[in-house]
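To start, the structure under review is shown below, and the notes come after it.
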Amino acid sequence: MAGSSYPNRFLDHLTIGGVPITQLHPGEVFWVNGSSVLPVNGVGGTDSGKGTYTHPFATIDYAISQTTASRGDIIAVMPGHTETISAAGGIAADVAGVAIVGTGVGSLRPTITLDTAITASIAVSADNVTLANLIVSANFADITQLVNVTGAECHIDNVEFVATAVNMNWVDVISATGAANTADGLSITNSRAFGVDAANNSFLQITDDIDRLTVTGNRVVHDHANALAMVKQATGKKVLNLSFEDNHYDCLATAVDILFDNDVTTNTGVCKGNSASHADTGTEVLCDVTGAAQIENYGTGVITASGYLLPAADS
């Protein structure tokens with residue numbers, strides 16, 4: 001069969017069967033399969049295997065250990081793969097330039113379950129790491145964060161964060177916890193988080209200065225009164241070249257900045273096309289990011305009413 005090509009390029013990224021192909025990778029492809037469904041003429045995953053399609057590894061963390069930094073290696077995780085991690089950095093993305101990409105759609109996307117300890121997490125410490133097309137599930141009470149990012153240029157795309165049951169939850173979904181600018185270039189796109197536990201705080205917590213932060217196209221539900229802003233940055237820290245666009249946040253917060261909470265005046269970037277449903281009917285502030293442009297953000301504190309433009313349009 002003849003090959004095919006596209007004459008120019010694809011906008012953003014190419015998606016095939018629900019799997020985002022985020023870039024061209026000149027490196028090796030390592031396969032992981034913890035599912036009972038075996039590849040044709042293949043065997044079950046084992047970390048003593050070859051990491052090929054027919055002889056895959058069993059765990060993502062072991063596959064990372066077989067990659068080479070900055071070569072552009074891909075870890076392709078097969079449909080139906082399940083894996084449980086029970087410690088901080090149970091999956092340690094500590095090799096630069098590696099993409100961990102799930103295959104499959106819907107419930108067949110690979111599922112990583114965090115359990116046993118509040119410190120259980122996926123740790124991204126290397127630069128230029130991609131996480132794509134995965135389900136990350138909380139199966140323990142008040143897990144501090146599901147993904148902890150301390151490397152630059154981390155890209156999280158099409159990842160769904162879920163709670164397995166009541167009181168099986170996170171405090172923050174994603175944290176950028178390194179020193180100033182260690183998480184520069186962080187991009188979180190097209191992802192979802194659904195949690196209603198009273199301990200849920202934020203979708204993204206940032207502990208220091210950050211540059212070139214992109215948070216676009218995400219849907220987050222923290223449907224309780226104690227929820228904090230969808231994105232919360234530590235006191236006195238700034239965000240530069242922000243792209244915060246087309247996100248939606250459902251919560252029942254009554255007296256906090258709803259979408260983005262920042263308290264300095266030297267930020268830059270744009271907050272555009274975001275929306276929120278909340279429970280603050282008096283003094284709501286959607287995006288408190290002074291210095292960043294505010295364009296067509298909508299919110300409402302009345303569940304039966306349509307959102308209104310906030311802040312008001314310039315005349």
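By convention here, the chains of the structure tokens are called A, B, ... in the order presented, each chain's residues are numbered starting at 1, and ligands are numbered starting at 1 in the order presented.
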
- Item | Contacts of Val221 of chain A at 6 Å (only C-alpha atoms; same-chain gap of 2+ positions) as a VMD selection string | chain A and resid 194 to 195 223 249 to 250

Save the residues we just selected, N, CA and C atoms, as an mmCIF file, in the first residue's frame?
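Saved file again.cif follows:
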data_model
loop_
_atom_site.group_PDB
_atom_site.id
_atom_site.type_symbol
_atom_site.label_atom_id
_atom_site.label_comp_id
_atom_site.auth_asym_id
_atom_site.auth_seq_id
_atom_site.Cartn_x
_atom_site.Cartn_y
_atom_site.Cartn_z
ATOM 1 N N PHE A 194 -12.112 15.167 37.789
ATOM 2 C CA PHE A 194 -13.436 15.087 38.387
ATOM 3 C C PHE A 194 -13.296 14.628 39.833
ATOM 4 N N GLY A 195 -13.591 15.522 40.779
ATOM 5 C CA GLY A 195 -13.508 15.180 42.186
ATOM 6 C C GLY A 195 -14.434 16.048 43.007
ATOM 7 N N ASP A 223 -16.526 20.072 43.018
ATOM 8 C CA ASP A 223 -17.873 20.539 43.322
ATOM 9 C C ASP A 223 -18.147 20.518 44.822
ATOM 10 N N TYR A 249 -14.337 25.513 34.818
ATOM 11 C CA TYR A 249 -14.175 25.058 36.193
ATOM 12 C C TYR A 249 -15.527 25.083 36.901
ATOM 13 N N ASP A 250 -15.930 23.937 37.449
ATOM 14 C CA ASP A 250 -17.124 23.853 38.290
ATOM 15 C C ASP A 250 -16.692 23.690 39.740
#

- Query: Using only C-alpha atoms, which of the listed residues (A:Ala198, A:Leu259, A:Val129, A:Ala292) sits closest to Ser243 of chain A?
  - Reply: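 That would be A:Ala292, the residue with the smallest distance to Ser243 of chain A.
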
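One distance worth recording is that between atom CA of Pro79 of chain A and atom CA of Gly104 of chain A, which is 4.7 Å.
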
- Query: To one decimal place, how far is atom CA of Gly89 of chain A from atom CA of Cys251 of chain A in Å?
  - Reply: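 A separation of 29.1 Å between them.
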
- Task: List the neighbours of Ser187 of chain A out to 12 Å using only C-alpha atoms; skip same-chain residues closer than 6 positions along the sequence, and give me the result as number ranges by chain.
- Result: A: 128-132, 149, 151-158, 174, 176, 204, 210-218, 242-245

Serialized selection, N, CA and C atoms, as a PDB file, in the first residue's frame:
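The result, stored in result_24.pdb:
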ATOM      1  N   ASN A 128      11.483  18.367  29.219  1.00  0.00           N
ATOM      2  CA  ASN A 128      10.925  17.942  27.927  1.00  0.00           C
ATOM      3  C   ASN A 128      10.246  16.575  27.973  1.00  0.00           C
ATOM      4  N   VAL A 129       9.519  16.327  29.046  1.00  0.00           N
ATOM      5  CA  VAL A 129       8.775  15.078  29.203  1.00  0.00           C
ATOM      6  C   VAL A 129       7.325  15.308  28.777  1.00  0.00           C
ATOM      7  N   THR A 130       6.736  14.323  28.104  1.00  0.00           N
ATOM      8  CA  THR A 130       5.338  14.369  27.695  1.00  0.00           C
ATOM      9  C   THR A 130       4.564  13.229  28.363  1.00  0.00           C
ATOM     10  N   LEU A 131       3.383  13.555  28.894  1.00  0.00           N
ATOM     11  CA  LEU A 131       2.416  12.559  29.364  1.00  0.00           C
ATOM     12  C   LEU A 131       1.157  12.750  28.536  1.00  0.00           C
ATOM     13  N   ALA A 132       0.686  11.707  27.865  1.00  0.00           N
ATOM     14  CA  ALA A 132      -0.457  11.886  26.966  1.00  0.00           C
ATOM     15  C   ALA A 132      -1.367  10.667  26.961  1.00  0.00           C
ATOM     16  N   VAL A 149       5.624  18.219  39.157  1.00  0.00           N
ATOM     17  CA  VAL A 149       6.501  18.642  38.067  1.00  0.00           C
ATOM     18  C   VAL A 149       7.606  19.546  38.602  1.00  0.00           C
ATOM     19  N   GLY A 151      10.541  19.628  36.384  1.00  0.00           N
ATOM     20  CA  GLY A 151      11.346  19.778  35.175  1.00  0.00           C
ATOM     21  C   GLY A 151      10.726  20.796  34.247  1.00  0.00           C
ATOM     22  N   ALA A 152      11.534  21.346  33.346  1.00  0.00           N
ATOM     23  CA  ALA A 152      11.056  22.342  32.394  1.00  0.00           C
ATOM     24  C   ALA A 152      10.414  21.687  31.174  1.00  0.00           C
ATOM     25  N   GLU A 153       9.519  22.423  30.526  1.00  0.00           N
ATOM     26  CA  GLU A 153       8.896  22.022  29.261  1.00  0.00           C
ATOM     27  C   GLU A 153       8.139  20.701  29.374  1.00  0.00           C
ATOM     28  N   CYS A 154       7.480  20.497  30.488  1.00  0.00           N
ATOM     29  CA  CYS A 154       6.632  19.315  30.642  1.00  0.00           C
ATOM     30  C   CYS A 154       5.321  19.550  29.915  1.00  0.00           C
ATOM     31  N   HIS A 155       4.871  18.556  29.166  1.00  0.00           N
ATOM     32  CA  HIS A 155       3.619  18.652  28.414  1.00  0.00           C
ATOM     33  C   HIS A 155       2.675  17.533  28.866  1.00  0.00           C
ATOM     34  N   ILE A 156       1.534  17.934  29.399  1.00  0.00           N
ATOM     35  CA  ILE A 156       0.503  17.002  29.849  1.00  0.00           C
ATOM     36  C   ILE A 156      -0.710  17.221  28.969  1.00  0.00           C
ATOM     37  N   ASP A 157      -1.064  16.223  28.167  1.00  0.00           N
ATOM     38  CA  ASP A 157      -2.129  16.400  27.186  1.00  0.00           C
ATOM     39  C   ASP A 157      -3.097  15.221  27.228  1.00  0.00           C
ATOM     40  N   ASN A 158      -4.403  15.545  27.253  1.00  0.00           N
ATOM     41  CA  ASN A 158      -5.436  14.516  27.179  1.00  0.00           C
ATOM     42  C   ASN A 158      -5.266  13.465  28.278  1.00  0.00           C
ATOM     43  N   ILE A 174      -2.189  18.593  40.025  1.00  0.00           N
ATOM     44  CA  ILE A 174      -0.826  18.767  39.520  1.00  0.00           C
ATOM     45  C   ILE A 174      -0.158  19.857  40.338  1.00  0.00           C
ATOM     46  N   ALA A 176       3.541  22.213  40.605  1.00  0.00           N
ATOM     47  CA  ALA A 176       4.869  22.607  40.150  1.00  0.00           C
ATOM     48  C   ALA A 176       5.589  23.111  41.381  1.00  0.00           C
ATOM     49  N   LEU A 204      -4.119  22.968  39.552  1.00  0.00           N
ATOM     50  CA  LEU A 204      -2.677  23.217  39.443  1.00  0.00           C
ATOM     51  C   LEU A 204      -2.244  24.141  40.563  1.00  0.00           C
ATOM     52  N   ILE A 210       7.091  31.289  37.401  1.00  0.00           N
ATOM     53  CA  ILE A 210       7.035  30.408  36.234  1.00  0.00           C
ATOM     54  C   ILE A 210       6.880  31.246  34.973  1.00  0.00           C
ATOM     55  N   ASP A 211       7.495  30.813  33.904  1.00  0.00           N
ATOM     56  CA  ASP A 211       7.446  31.503  32.618  1.00  0.00           C
ATOM     57  C   ASP A 211       6.883  30.545  31.563  1.00  0.00           C
ATOM     58  N   ARG A 212       6.100  31.100  30.634  1.00  0.00           N
ATOM     59  CA  ARG A 212       5.537  30.337  29.511  1.00  0.00           C
ATOM     60  C   ARG A 212       4.641  29.195  29.978  1.00  0.00           C
ATOM     61  N   LEU A 213       3.781  29.499  30.933  1.00  0.00           N
ATOM     62  CA  LEU A 213       2.791  28.523  31.389  1.00  0.00           C
ATOM     63  C   LEU A 213       1.611  28.509  30.424  1.00  0.00           C
ATOM     64  N   THR A 214       1.234  27.311  29.972  1.00  0.00           N
ATOM     65  CA  THR A 214       0.066  27.135  29.106  1.00  0.00           C
ATOM     66  C   THR A 214      -0.917  26.199  29.794  1.00  0.00           C
ATOM     67  N   VAL A 215      -2.130  26.697  30.024  1.00  0.00           N
ATOM     68  CA  VAL A 215      -3.210  25.874  30.571  1.00  0.00           C
ATOM     69  C   VAL A 215      -4.419  26.139  29.683  1.00  0.00           C
ATOM     70  N   THR A 216      -4.728  25.223  28.773  1.00  0.00           N
ATOM     71  CA  THR A 216      -5.786  25.474  27.795  1.00  0.00           C
ATOM     72  C   THR A 216      -6.645  24.239  27.582  1.00  0.00           C
ATOM     73  N   GLY A 217      -7.943  24.490  27.404  1.00  0.00           N
ATOM     74  CA  GLY A 217      -8.875  23.444  26.993  1.00  0.00           C
ATOM     75  C   GLY A 217      -9.163  22.395  28.034  1.00  0.00           C
ATOM     76  N   ASN A 218      -9.024  22.733  29.331  1.00  0.00           N
ATOM     77  CA  ASN A 218      -9.220  21.757  30.391  1.00  0.00           C
ATOM     78  C   ASN A 218     -10.601  21.906  31.037  1.00  0.00           C
ATOM     79  N   LEU A 242       1.866  34.029  30.136  1.00  0.00           N
ATOM     80  CA  LEU A 242       0.811  33.062  30.444  1.00  0.00           C
ATOM     81  C   LEU A 242      -0.154  32.917  29.276  1.00  0.00           C
ATOM     82  N   SER A 243      -0.543  31.672  28.986  1.00  0.00           N
ATOM     83  CA  SER A 243      -1.660  31.387  28.092  1.00  0.00           C
ATOM     84  C   SER A 243      -2.656  30.535  28.869  1.00  0.00           C
ATOM     85  N   PHE A 244      -3.718  31.182  29.367  1.00  0.00           N
ATOM     86  CA  PHE A 244      -4.746  30.514  30.160  1.00  0.00           C
ATOM     87  C   PHE A 244      -6.054  30.696  29.411  1.00  0.00           C
ATOM     88  N   GLU A 245      -6.424  29.688  28.604  1.00  0.00           N
ATOM     89  CA  GLU A 245      -7.493  29.884  27.629  1.00  0.00           C
ATOM     90  C   GLU A 245      -8.412  28.665  27.541  1.00  0.00           C
TER      91      GLU A 245
END

Can you build me a table of segment 98-151 of chain A residues sitting at most 12 Å from segment 31-54 of chain A, with the closest atom pair per residue and its distance in Å to one decimal, using only C-alpha atoms, sorted by chain and residue number, as a Markdown table?
| residue | atom | partner | partner_atom | distance |
| --- | --- | --- | --- | --- |
| A:Ala99 | CA | A:Trp31 | CA | 11.8 |
| A:Ile100 | CA | A:Trp31 | CA | 9.9 |
| A:Val101 | CA | A:Trp31 | CA | 9.9 |
| A:Gly102 | CA | A:Val32 | CA | 9.4 |
| A:Thr103 | CA | A:Val32 | CA | 10.3 |
| A:Leu108 | CA | A:Ser35 | CA | 10.0 |
| A:Arg109 | CA | A:Ser35 | CA | 11.0 |
| A:Pro110 | CA | A:Gly34 | CA | 8.9 |
| A:Thr111 | CA | A:Gly34 | CA | 9.9 |
| A:Ile112 | CA | A:Gly34 | CA | 10.6 |

- Task: Please provide as a PyMOL selection string all residues within 10 Å of Ala163 of chain A, with the sequence filter that same-chain residues fewer than 4 positions apart are discarded (counting only C-alpha atoms).
- Result: chain A and resi 113-114+136-141+167-170+193-197

- Ala276 of chain A surroundings by only C-alpha atoms, 12 Å radius, close-in-sequence under 3 positions cut, as a ChimeraX atom specification: /A:218-223,229-230,246-253,257-260,273,279-280,284-287,297-303,306-310

- Return as a ChimeraX atom specification the full set of residues in segment 133-254 of chain A whose backbone-based DSSP assignment is strand (DSSP E or B). /A:133-138,143-149,155-163,170-176,187-189,192-195,202-206,210-211,214-216,219-222,231-233,239-240,242-245,248-251

- Item | helix (DSSP H, G or I) positions in segment 56-193 of chain A, given as a PyMOL selection string | chain A and resi 60-65+106-108

Shell of 7 Å around Val124 of chain A, only C-alpha atoms, local chain residues under 3 positions omitted, as a CSV table (one decimal) with C-alpha atoms, in the first residue's frame:
chain,number,residue,atom,x,y,z
A,92,ALA,CA,9.8,8.8,38.0
A,93,ALA,CA,10.0,10.6,34.7
A,94,ASP,CA,13.7,11.4,35.2
A,148,ASN,CA,4.6,16.6,40.7
A,149,VAL,CA,6.5,18.6,38.1
A,150,THR,CA,10.0,20.0,38.7
A,151,GLY,CA,11.3,19.8,35.2

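Separating atom CA of Leu134 of chain A from atom CA of Ser275 of chain A is a distance of 24.9 Å.
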
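When only C-alpha atoms are used to measure the gap to Ala96 of chain A, the shortest distance among A:Pro311, A:Ile75, A:Gly80, A:Ala126 belongs to A:Ala126.
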
- Task: Mind checking which residues fall within 8 Å of Ala293 of chain A, counting only C-alpha atoms, ignoring those fewer than 6 positions away in the same chain, and posting them as a ChimeraX atom specification?
- Result: /A:268-272

- Closest to Ala117 of chain A among A:Ser65, A:Gly97, A:Ile135, A:Thr84, using only C-alpha atoms?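 Among the listed residues, the smallest separation from Ala117 of chain A belongs to A:Thr84.
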